[in-house]
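Novice: My structure is below; once you've seen it, I'll send some questions.
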Amino acid sequence: MIALLHTSPVHVPVFDALRDEDHPGVELRHLVHEDLLERAVAHGPGAVAQEVAEVIA
């Protein structure tokens, strides 16, 4: 399984389609946290760095 962290749900079908082209047997787990991008744009990447690290851990 591969886990993917997205900042928009629009990316989920894109990555599913890419997986289906080359590796159809691979399971993807999509984690969508739209607020991360909003906060990073507003306050800089450091504002979300700890949360991103926790999510991917």
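Identifiers in this document derive from the order of the structure tokens: chains are assigned A, B, ..., residues are numbered from 1 separately in each chain, and ligands are numbered from 1 in order of occurrence.
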Contacts of region 12-27 of chain A at 9 Å or less, counting only C-alpha atoms, minus same-chain residues fewer than 4 places along, as a compact mmCIF listing (two decimals) with N, CA, C and O atoms, in the first residue's frame?
Specialist:
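Wrote result-v9.txt, looks like this:
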```txt
# COMPACT_ATOMS: atom_id res chain seq x y z
N MET A 1 0.84 -1.17 0.00
CA MET A 1 0.00 0.00 0.00
C MET A 1 0.89 1.24 0.00
O MET A 1 1.93 1.28 0.65
N ILE A 2 0.44 2.25 -0.72
CA ILE A 2 1.09 3.55 -0.74
C ILE A 2 0.09 4.57 -0.22
O ILE A 2 -1.05 4.63 -0.70
N ALA A 3 0.50 5.36 0.75
CA ALA A 3 -0.35 6.41 1.29
C ALA A 3 0.07 7.74 0.66
O ALA A 3 1.27 8.03 0.55
N LEU A 4 -0.92 8.50 0.25
CA LEU A 4 -0.67 9.79 -0.39
C LEU A 4 -1.37 10.89 0.38
O LEU A 4 -2.54 10.75 0.75
N HIS A 6 -2.80 14.56 0.17
CA HIS A 6 -3.26 15.54 -0.81
C HIS A 6 -3.79 16.77 -0.09
O HIS A 6 -4.29 16.68 1.02
N SER A 8 -6.07 18.58 -1.84
CA SER A 8 -7.36 18.77 -2.50
C SER A 8 -7.88 17.41 -2.95
O SER A 8 -7.10 16.58 -3.44
N LEU A 31 -5.11 10.47 1.77
CA LEU A 31 -5.39 11.32 2.93
C LEU A 31 -5.53 12.73 2.39
O LEU A 31 -4.61 13.26 1.77
N VAL A 32 -6.68 13.34 2.58
CA VAL A 32 -6.93 14.67 2.05
C VAL A 32 -7.06 15.66 3.21
O VAL A 32 -7.92 15.51 4.06
```
Novice: Taking the DSSP assignment computed from this structure's backbone, write out as a ChimeraX atom specification all residues of chain A that belong to strand (DSSP E or B).
Specialist: /A:2-6,28-32
Novice: Any chance you could export the current selection's C-alpha atoms as a PDB file, in the first residue's frame?
Specialist:
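This is the output file selection_6.pdb:
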```
ATOM      1  CA  ILE A   2       1.092   3.551  -0.739  1.00  0.00           C
ATOM      2  CA  ALA A   3      -0.349   6.412   1.287  1.00  0.00           C
ATOM      3  CA  LEU A   4      -0.669   9.786  -0.393  1.00  0.00           C
ATOM      4  CA  LEU A   5      -1.227  13.125   1.315  1.00  0.00           C
ATOM      5  CA  HIS A   6      -3.257  15.544  -0.805  1.00  0.00           C
ATOM      6  CA  LEU A  28      -3.506   3.560  -2.605  1.00  0.00           C
ATOM      7  CA  ARG A  29      -4.651   5.243   0.571  1.00  0.00           C
ATOM      8  CA  HIS A  30      -5.586   8.873   0.030  1.00  0.00           C
ATOM      9  CA  LEU A  31      -5.394  11.316   2.926  1.00  0.00           C
ATOM     10  CA  VAL A  32      -6.932  14.675   2.050  1.00  0.00           C
TER      11      VAL A  32
END
```
Novice: Suppose you want the space between CA of Asp35 (chain A) and CA of Thr7 (chain A); what is it in Å?
Specialist: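 Interatomic distance here is 7.1 Å.
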Novice: CA of Ile56 (chain A) and CA of His33 (chain A), how far apart in Å?
Specialist: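 CA of His33 (chain A) sits 11.7 Å away from CA of Ile56 (chain A).
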Novice: Apply DSSP to the backbone of this structure and, from chain A, keep only the residues in alpha helix (DSSP H); write these as a VMD selection string.
Specialist: chain A and resid 11 to 22 34 to 43 49 to 56
Novice: Report, in Å to a single decimal, how far apart CA of Val10 (chain A) and CA of Pro45 (chain A) are.
Specialist: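 Taking CA of Pro45 (chain A) as the start and CA of Val10 (chain A) as the end point, the length is 21.3 Å.
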